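Below is the file entry.txt, which contains compact mmCIF, C-alpha atoms and all ligand atoms.
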# COMPACT_ATOMS: atom_id res chain seq x y z
CA ALA A 1 95.31 13.92 41.68
CA LEU A 2 92.64 16.59 41.89
CA ARG A 3 92.90 16.58 45.65
CA ALA A 4 96.64 17.15 45.51
CA GLU A 5 96.11 19.95 43.03
CA ILE A 6 93.62 21.59 45.39
CA ARG A 7 95.99 21.21 48.33
CA ALA A 8 98.83 22.79 46.36
CA TRP A 9 96.76 25.68 44.97
CA ARG A 10 98.04 29.10 46.02
CA GLY A 11 96.17 31.64 43.88
CA PRO A 12 95.54 34.25 42.72
CA ALA A 13 92.59 32.85 40.79
CA ALA A 14 92.30 33.18 37.03
CA THR A 15 90.80 31.27 34.15
CA ARG A 16 93.11 29.05 32.07
CA ASP A 17 93.59 31.96 29.68
CA GLY A 18 94.41 34.41 32.42
CA ALA A 19 91.20 36.31 33.21
CA ALA A 20 91.51 37.26 36.88
CA ILE A 21 88.72 36.87 39.40
CA ARG A 22 89.18 37.75 43.03
CA LEU A 23 88.42 35.04 45.57
CA LEU A 24 87.61 36.51 48.97
CA ALA A 25 86.72 35.10 52.39
CA ASN A 26 83.48 35.31 54.36
CA VAL A 27 84.38 35.87 58.03
CA GLN A 28 82.59 36.59 61.28
CA ASP A 29 85.28 37.67 63.74
CA GLY A 30 88.98 38.36 64.24
CA ALA A 31 89.90 34.72 64.87
CA GLY A 32 88.16 33.61 61.70
CA ALA A 33 89.81 36.39 59.73
CA ARG A 34 93.27 35.43 61.01
CA ALA A 35 92.64 31.80 60.08
CA ALA A 36 91.43 32.83 56.61
CA ALA A 37 94.50 35.02 56.12
CA ALA A 38 96.91 32.31 57.30
CA GLU A 39 95.40 29.24 55.69
CA SER A 40 93.96 30.37 52.39
CA ALA A 41 94.83 32.40 49.35
CA ALA A 42 91.96 34.80 50.04
CA GLU A 43 92.73 38.16 48.43
CA GLY A 44 90.64 39.88 51.07
CA VAL A 45 87.37 39.72 52.97
CA GLY A 46 84.26 39.97 50.82
CA LEU A 47 81.75 39.62 53.63
CA PHE A 48 82.32 40.31 57.32
CA ARG A 49 79.03 39.31 58.96
CA THR A 50 79.16 41.65 61.97
CA GLU A 51 75.88 40.49 63.50
CA LEU A 52 77.51 37.13 64.21
CA CYS A 53 79.87 38.90 66.67
CA PHE A 54 76.86 39.82 68.78
CA LEU A 55 74.59 36.79 68.89
CA THR A 56 74.86 36.68 72.68
CA ALA A 57 75.29 40.41 73.42
CA GLN A 58 72.55 41.51 75.82
CA THR A 59 73.39 45.21 75.52
CA GLN A 60 74.46 47.27 72.53
CA PRO A 61 78.28 47.19 72.40
CA THR A 62 79.92 50.58 72.84
CA LEU A 63 81.64 52.31 69.96
CA GLU A 64 85.01 51.31 71.47
CA GLU A 65 84.01 47.66 71.91
CA GLN A 66 82.79 47.44 68.33
CA ALA A 67 85.84 49.23 66.95
CA GLY A 68 88.12 46.77 68.76
CA LEU A 69 86.39 43.79 67.15
CA TYR A 70 86.31 45.27 63.66
CA ALA A 71 89.95 46.37 63.87
CA GLU A 72 90.97 42.74 64.36
CA VAL A 73 89.54 41.87 60.96
CA PHE A 74 91.11 44.89 59.25
CA ALA A 75 94.44 44.00 60.87
CA ALA A 76 94.26 40.35 59.76
CA PHE A 77 93.90 41.54 56.16
CA ALA A 78 96.10 44.62 56.38
CA GLY A 79 96.73 46.09 52.94
CA ARG A 80 93.98 43.97 51.41
CA LYS A 81 90.34 44.59 50.66
CA VAL A 82 87.85 44.22 53.52
CA VAL A 83 84.09 44.59 53.10
CA VAL A 84 82.24 45.02 56.38
CA ARG A 85 78.52 44.36 56.39
CA THR A 86 76.42 46.38 58.81
CA LEU A 87 74.22 44.48 61.25
CA ASP A 88 71.99 41.99 59.49
CA ALA A 89 69.93 41.31 62.59
CA GLY A 90 66.49 39.79 62.56
CA SER A 91 64.75 36.85 60.92
CA ASP A 92 67.13 33.88 61.07
CA LYS A 93 69.72 35.92 63.02
CA PRO A 94 68.07 37.63 66.02
CA VAL A 95 70.51 39.72 68.10
CA PRO A 96 69.60 40.02 71.81
CA PHE A 97 70.33 43.74 72.20
CA VAL A 98 68.21 44.63 69.18
CA HIS A 99 64.53 44.90 69.94
CA HIS A 100 62.74 42.61 67.47
CA ALA A 101 58.97 43.00 67.46
CA GLN A 102 56.83 39.87 67.15
CA GLU A 103 56.17 39.47 63.44
CA ASP A 104 54.22 36.85 61.51
CA ASN A 105 56.81 36.85 58.72
CA PRO A 106 60.18 37.93 60.12
CA ALA A 107 62.00 37.23 56.84
CA LEU A 108 59.77 39.90 55.31
CA GLY A 109 59.87 42.11 58.36
CA VAL A 110 62.05 44.66 60.09
CA ARG A 111 65.49 43.18 59.47
CA GLY A 112 68.83 44.33 58.08
CA ILE A 113 68.91 47.97 57.06
CA ARG A 114 65.22 48.33 57.95
CA LEU A 115 66.22 48.30 61.63
CA ALA A 116 68.03 51.58 61.08
CA SER A 117 64.85 53.53 60.39
CA HIS A 118 63.44 52.28 63.71
CA ASN A 119 66.69 52.81 65.58
CA PRO A 120 69.04 55.15 63.67
CA GLU A 121 71.61 55.10 66.45
CA LEU A 122 72.26 51.40 65.81
CA MET A 123 73.54 52.31 62.35
CA THR A 124 75.38 55.52 63.19
CA ARG A 125 77.24 53.98 66.11
CA GLN A 126 78.25 51.01 64.00
CA LEU A 127 79.47 53.20 61.12
CA ASP A 128 81.42 55.35 63.59
CA ALA A 129 82.97 52.18 65.02
CA ILE A 130 83.90 50.84 61.56
CA ALA A 131 85.50 54.17 60.64
CA ARG A 132 87.43 54.21 63.92
CA ALA A 133 88.59 50.61 63.42
CA ALA A 134 89.67 51.27 59.83
CA HIS A 135 91.62 54.30 60.99
CA ASP A 136 93.26 52.48 63.93
CA ALA A 137 94.24 49.53 61.74
CA GLY A 138 95.45 51.75 58.91
CA ALA A 139 92.98 50.22 56.47
CA VAL A 140 92.87 51.76 53.01
CA ASP A 141 89.47 52.20 51.31
CA PRO A 142 87.38 50.40 53.92
CA HIS A 143 84.29 49.08 52.17
CA VAL A 144 80.96 48.91 53.99
CA MET A 145 77.71 47.44 52.74
CA ALA A 146 74.16 47.27 53.99
CA PRO A 147 72.00 44.12 53.91
CA MET A 148 68.36 43.81 52.82
CA VAL A 149 68.19 47.09 50.93
CA ALA A 150 65.01 47.40 48.85
CA THR A 151 64.71 51.05 47.79
CA VAL A 152 67.01 53.59 46.18
CA ASP A 153 66.26 56.05 49.00
CA GLU A 154 67.55 53.60 51.61
CA ALA A 155 70.70 53.09 49.56
CA ALA A 156 71.23 56.82 49.04
CA GLU A 157 70.88 57.62 52.72
CA PHE A 158 73.21 54.78 53.68
CA ALA A 159 75.77 55.89 51.09
CA ALA A 160 75.71 59.46 52.40
CA GLN A 161 76.31 58.25 55.95
CA CYS A 162 79.27 56.16 54.78
CA ARG A 163 80.86 58.91 52.68
CA GLU A 164 80.68 61.38 55.62
CA ARG A 165 82.95 58.95 57.45
CA GLY A 166 85.37 58.14 54.63
CA LEU A 167 83.87 54.68 54.06
CA VAL A 168 83.28 53.27 50.54
CA PRO A 169 79.55 52.51 50.34
CA GLY A 170 77.93 49.49 48.73
CA ILE A 171 74.82 47.40 49.13
CA MET A 172 73.94 43.77 49.07
CA VAL A 173 71.67 42.63 46.28
CA GLU A 174 69.31 40.33 48.14
CA VAL A 175 65.90 41.70 47.24
CA PRO A 176 64.79 41.20 43.61
CA ALA A 177 63.76 44.88 43.47
CA VAL A 178 67.44 45.85 43.57
CA ALA A 179 68.41 43.54 40.72
CA LEU A 180 65.51 44.87 38.66
CA MET A 181 66.50 48.50 39.32
CA ALA A 182 70.26 47.97 39.44
CA GLU A 183 70.98 51.00 37.24
CA GLU A 184 69.31 53.41 39.66
CA PHE A 185 71.02 51.89 42.69
CA LEU A 186 74.41 52.06 40.95
CA GLN A 187 74.00 55.81 40.69
CA VAL A 188 74.19 56.11 44.48
CA VAL A 189 76.59 53.36 45.64
CA ASP A 190 80.11 52.31 44.60
CA PHE A 191 79.70 48.52 44.52
CA PHE A 192 77.27 45.63 44.77
CA SER A 193 77.59 42.29 46.50
CA ILE A 194 74.96 39.75 45.54
CA GLY A 195 73.73 37.69 48.49
CA THR A 196 72.46 34.68 46.60
CA ASN A 197 71.02 33.00 49.70
CA ASP A 198 68.47 35.72 50.29
CA LEU A 199 68.13 36.70 46.63
CA THR A 200 67.06 33.11 45.92
CA GLN A 201 64.74 33.02 48.92
CA TYR A 202 62.94 36.17 47.84
CA THR A 203 62.88 35.39 44.11
CA MET A 204 61.48 31.90 44.56
CA ALA A 205 59.35 32.79 47.63
CA ALA A 206 60.91 29.82 49.40
CA ASP A 207 62.25 29.88 52.96
CA ARG A 208 66.03 29.39 52.82
CA THR A 209 65.93 27.41 56.08
CA SER A 210 63.37 24.89 54.81
CA GLY A 211 64.82 21.49 53.95
CA ASP A 212 61.62 20.60 52.10
CA LEU A 213 62.15 23.39 49.60
CA ALA A 214 65.77 22.64 48.67
CA SER A 215 65.03 22.40 44.94
CA LEU A 216 63.60 25.93 45.05
CA THR A 217 66.35 27.44 47.18
CA THR A 218 69.19 26.97 44.71
CA ALA A 219 70.77 29.79 42.75
CA TRP A 220 70.72 27.47 39.72
CA GLN A 221 67.07 28.43 39.30
CA PRO A 222 67.05 30.26 35.96
CA ALA A 223 65.02 33.15 37.41
CA VAL A 224 67.79 33.77 39.93
CA LEU A 225 70.48 33.42 37.26
CA ARG A 226 68.70 36.02 35.13
CA LEU A 227 68.63 38.47 38.03
CA ILE A 228 72.34 37.90 38.69
CA ALA A 229 73.17 38.34 34.99
CA ARG A 230 71.25 41.59 34.69
CA THR A 231 72.82 42.93 37.90
CA SER A 232 76.30 42.09 36.68
CA ALA A 233 75.67 43.63 33.26
CA ALA A 234 74.44 46.83 34.90
CA GLY A 235 77.60 46.91 37.02
CA MET A 236 79.82 46.54 33.97
CA ARG A 237 78.00 49.36 32.17
CA ALA A 238 78.38 51.59 35.22
CA GLY A 239 82.03 50.58 35.68
CA LYS A 240 81.35 49.41 39.25
CA PRO A 241 82.32 46.05 40.77
CA VAL A 242 79.68 43.41 41.41
CA GLY A 243 80.66 40.49 43.65
CA VAL A 244 78.80 37.43 44.86
CA CYS A 245 78.98 36.48 48.55
CA GLY A 246 76.23 33.86 48.98
CA GLU A 247 76.64 30.08 48.91
CA ALA A 248 76.57 30.15 45.10
CA ALA A 249 80.11 31.55 45.08
CA ALA A 250 81.42 28.34 46.64
CA ASP A 251 79.88 26.08 43.97
CA PRO A 252 82.84 25.52 41.61
CA LEU A 253 80.70 25.08 38.49
CA LEU A 254 78.49 28.04 39.29
CA ALA A 255 81.61 30.10 40.04
CA CYS A 256 82.63 29.61 36.39
CA VAL A 257 79.19 30.72 35.22
CA LEU A 258 79.31 33.80 37.47
CA THR A 259 82.72 34.65 36.06
CA GLY A 260 81.25 34.42 32.58
CA MET A 261 78.53 36.86 33.62
CA GLY A 262 81.18 39.43 34.51
CA ILE A 263 81.11 39.05 38.30
CA THR A 264 84.35 40.56 39.63
CA SER A 265 84.79 38.73 42.94
CA LEU A 266 83.52 35.63 44.71
CA SER A 267 83.42 35.53 48.50
CA MET A 268 83.04 32.26 50.36
CA ALA A 269 84.05 30.23 53.40
CA TYR A 270 87.84 30.25 53.10
CA SER A 271 87.99 26.45 53.06
CA ALA A 272 86.19 26.49 49.68
CA ILE A 273 88.65 28.87 47.99
CA PRO A 274 91.19 26.34 46.62
CA THR A 275 88.50 24.10 45.11
CA VAL A 276 86.93 27.03 43.31
CA GLY A 277 90.35 28.36 42.28
CA VAL A 278 91.37 25.05 40.71
CA ARG A 279 88.07 24.74 38.82
CA LEU A 280 88.38 28.25 37.38
CA GLY A 281 91.91 27.47 36.22
CA LYS A 282 90.62 24.64 34.03
CA VAL A 283 88.27 26.69 31.84
CA THR A 284 88.63 29.61 29.47
CA LEU A 285 86.81 32.90 29.81
CA GLU A 286 85.08 32.12 26.50
CA GLN A 287 83.73 28.86 27.94
CA CYS A 288 82.50 30.72 31.02
CA ARG A 289 80.81 33.33 28.84
CA SER A 290 79.04 30.81 26.65
CA ALA A 291 77.86 28.93 29.75
CA ALA A 292 76.61 32.22 31.23
CA ALA A 293 74.71 33.01 28.04
CA ARG A 294 73.11 29.56 27.91
CA VAL A 295 72.09 28.94 31.53
CA VAL A 296 69.74 31.91 31.57
CA GLU A 297 67.79 30.28 28.73
CA ALA A 298 67.28 27.04 30.69
CA ARG A 299 63.81 26.08 31.82
CA SER A 300 64.83 24.58 35.16
CA ASP A 301 67.64 24.44 37.70
CA VAL A 302 68.47 20.90 36.58
CA GLU A 303 68.71 21.94 32.94
CA ALA A 304 70.84 24.98 33.82
CA ARG A 305 73.32 22.81 35.67
CA GLU A 306 73.46 20.24 32.87
CA VAL A 307 74.08 22.93 30.28
CA ALA A 308 76.89 24.39 32.38
CA GLU A 309 78.45 20.96 32.95
CA GLY A 310 78.43 20.30 29.22
CA LEU A 311 80.09 23.58 28.33
CA LEU A 312 82.59 23.73 31.19
CA ARG A 313 84.12 20.28 30.93
C1 LIG A 401 73.09 36.00 51.45
O1 LIG A 401 71.92 36.27 51.76
O2 LIG A 401 73.40 35.37 50.41
C2 LIG A 401 74.22 36.42 52.31
C3 LIG A 401 75.47 36.31 51.91
O3 LIG A 401 73.93 36.90 53.55
P1 LIG A 401 73.45 35.95 54.75
O4 LIG A 401 73.64 34.52 54.31
O5 LIG A 401 74.29 36.32 55.92
O6 LIG A 401 72.01 36.34 54.90
MG MG A 402 71.47 37.64 53.37

Could you show the structure in this file as structure tokens?
Ligand code: PEP
Ligand code: MG
Amino acid sequence: ALRAEIRAWRGPAATRDGAAIRLLANVQDGAGARAAAAESAAEGVGLFRTELCFLTAQTQPTLEEQAGLYAEVFAAFAGRKVVVRTLDAGSDKPVPFVHHAQEDNPALGVRGIRLASHNPELMTRQLDAIARAAHDAGAVDPHVMAPMVATVDEAAEFAAQCRERGLVPGIMVEVPAVALMAEEFLQVVDFFSIGTNDLTQYTMAADRTSGDLASLTTAWQPAVLRLIARTSAAGMRAGKPVGVCGEAAADPLLACVLTGMGITSLSMAYSAIPTVGVRLGKVTLEQCRSAAARVVEARSDVEAREVAEGLLR
């Protein structure tokens, strides 16, 4: 019966008592975006991982080449929200045309937005291409966010570069420093998107690619939940949206908890959207809020999950 319900689900997502939460798709190219638009009730794209377009590119794509690729995603979701992430190259996602120095700890090295200080043209060309693509596809309010931001100065410089081009600037919350200083960051950007995969990795000091550390690399760890809760609360006080785009968003139970924390959108593989949508429709906002308040008091990931299961039946 549940499976039929999931198959029949059409969105938009809301709790049983009608509190809306936007479910968005994570995509990596035009074909994926068209599939997400055709086959799911995604209200938009919450994370376009642009580096995945270039995993085999030996030379830096021209402005025109990049704009063509990005325009496909804007066109697939014409009239809907699209959040483009600037190149998150390095560490687990090396890109051939980006020079990556040999590093002992690439996850803690020159990756994401840090590449821009070594090679500013990488960032400016990409932002020019995103602006061109948004213009060509007639996109309204194109959102752009930077990965792996750690300091307010990085965020402020990125935001200025976006605004010059008519792009709405945001950052990913992946480094605990950003969650801890959310108020300051929210003074310079217009939105946050929490990348729970990296936020968990850096909070728990546990490699996200390590199978041996799976019990540490879950966003159910109370330390991670506390960082998410404080980030979301800061967003609400500032009146700015805070989404989640890591794997946590696709966990139906955790999605309810995140909703209770005040998270405004959840972005996930589009195939996960109906399952999350159905789960949210079975609980009230009050249930989500009490689960959110309780999980941050748990002593372990296991306890946090049990508490949430008990309150979100
Ligand atoms: C994340 O870190 O949670 C995220 C969404 O980005 P990626 O998985 O691409 O690093
Ligand atoms: Mg990440």

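Using all atoms listed in the file, the contacts of Val296 (chain A) at a cut-off of 6 Å, with sequence neighbours closer than 4 positions omitted, comprise A:Pro222, A:Leu225, A:Arg226.
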
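If you look at CA of Ala177 (chain A) and CA of Asn119 (chain A), they are 23.7 Å away from each other.
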
One residue among A:Leu199, A:Val168, A:Val257, A:Leu69 is nearest to ligand MG 402 (chain A) when using all atoms listed in the file, and that residue is A:Leu199

Discussion item. For ligand LIG 401 (chain A), return the neighbouring residues as a PyMOL selection string (distance at most 7 Å; only C-alpha atoms and all ligand atoms).
Written reply: chain A and resi 49+174+194-199+245-247

Output file for the residues above (C-alpha atoms, as a PDB file, in the frame of the given file):
ATOM      1  CA  ARG A  49      79.030  39.310  58.960  1.00  0.00           C
ATOM      2  CA  GLU A 174      69.310  40.330  48.140  1.00  0.00           C
ATOM      3  CA  ILE A 194      74.960  39.750  45.540  1.00  0.00           C
ATOM      4  CA  GLY A 195      73.730  37.690  48.490  1.00  0.00           C
ATOM      5  CA  THR A 196      72.460  34.680  46.600  1.00  0.00           C
ATOM      6  CA  ASN A 197      71.020  33.000  49.700  1.00  0.00           C
ATOM      7  CA  ASP A 198      68.470  35.720  50.290  1.00  0.00           C
ATOM      8  CA  LEU A 199      68.130  36.700  46.630  1.00  0.00           C
ATOM      9  CA  CYS A 245      78.980  36.480  48.550  1.00  0.00           C
ATOM     10  CA  GLY A 246      76.230  33.860  48.980  1.00  0.00           C
ATOM     11  CA  GLU A 247      76.640  30.080  48.910  1.00  0.00           C
TER      12      GLU A 247
END

Expected selection as a PyMOL selection string for ligand MG 402 (chain A) within 12 Å, all atoms listed in the file
chain A and resi 47-49+51+85-93+107+111-113+145-149+171-175+193-202+208-209+244-247

Write the residues you've just listed into a file as an mmCIF file, keeping the file's coordinate frame, and include C-alpha atoms for each of them.
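Done, and the output landed in result.cif:
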data_model
loop_
_atom_site.group_PDB
_atom_site.id
_atom_site.type_symbol
_atom_site.label_atom_id
_atom_site.label_comp_id
_atom_site.auth_asym_id
_atom_site.auth_seq_id
_atom_site.Cartn_x
_atom_site.Cartn_y
_atom_site.Cartn_z
ATOM 1 C CA LEU A 47 81.750 39.620 53.630
ATOM 2 C CA PHE A 48 82.320 40.310 57.320
ATOM 3 C CA ARG A 49 79.030 39.310 58.960
ATOM 4 C CA GLU A 51 75.880 40.490 63.500
ATOM 5 C CA ARG A 85 78.520 44.360 56.390
ATOM 6 C CA THR A 86 76.420 46.380 58.810
ATOM 7 C CA LEU A 87 74.220 44.480 61.250
ATOM 8 C CA ASP A 88 71.990 41.990 59.490
ATOM 9 C CA ALA A 89 69.930 41.310 62.590
ATOM 10 C CA GLY A 90 66.490 39.790 62.560
ATOM 11 C CA SER A 91 64.750 36.850 60.920
ATOM 12 C CA ASP A 92 67.130 33.880 61.070
ATOM 13 C CA LYS A 93 69.720 35.920 63.020
ATOM 14 C CA ALA A 107 62.000 37.230 56.840
ATOM 15 C CA ARG A 111 65.490 43.180 59.470
ATOM 16 C CA GLY A 112 68.830 44.330 58.080
ATOM 17 C CA ILE A 113 68.910 47.970 57.060
ATOM 18 C CA MET A 145 77.710 47.440 52.740
ATOM 19 C CA ALA A 146 74.160 47.270 53.990
ATOM 20 C CA PRO A 147 72.000 44.120 53.910
ATOM 21 C CA MET A 148 68.360 43.810 52.820
ATOM 22 C CA VAL A 149 68.190 47.090 50.930
ATOM 23 C CA ILE A 171 74.820 47.400 49.130
ATOM 24 C CA MET A 172 73.940 43.770 49.070
ATOM 25 C CA VAL A 173 71.670 42.630 46.280
ATOM 26 C CA GLU A 174 69.310 40.330 48.140
ATOM 27 C CA VAL A 175 65.900 41.700 47.240
ATOM 28 C CA SER A 193 77.590 42.290 46.500
ATOM 29 C CA ILE A 194 74.960 39.750 45.540
ATOM 30 C CA GLY A 195 73.730 37.690 48.490
ATOM 31 C CA THR A 196 72.460 34.680 46.600
ATOM 32 C CA ASN A 197 71.020 33.000 49.700
ATOM 33 C CA ASP A 198 68.470 35.720 50.290
ATOM 34 C CA LEU A 199 68.130 36.700 46.630
ATOM 35 C CA THR A 200 67.060 33.110 45.920
ATOM 36 C CA GLN A 201 64.740 33.020 48.920
ATOM 37 C CA TYR A 202 62.940 36.170 47.840
ATOM 38 C CA ARG A 208 66.030 29.390 52.820
ATOM 39 C CA THR A 209 65.930 27.410 56.080
ATOM 40 C CA VAL A 244 78.800 37.430 44.860
ATOM 41 C CA CYS A 245 78.980 36.480 48.550
ATOM 42 C CA GLY A 246 76.230 33.860 48.980
ATOM 43 C CA GLU A 247 76.640 30.080 48.910
#

Give me the residues within 6 Å of Ala33 (chain A) as number ranges by chain, counting only C-alpha atoms and dropping any in the same chain fewer than 4 places off. A: 27, 73, 76

Counting all atoms listed in the file, the residue among A:Ala131, A:Leu312, A:Ala25, A:Val110 that lies closest to Ala38 (chain A) is A:Ala25

* Separation of CA of His118 (chain A) from CA of Ala67 (chain A) in Å ->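 Separating CA of Ala67 (chain A) from CA of His118 (chain A) is a distance of 22.8 Å.
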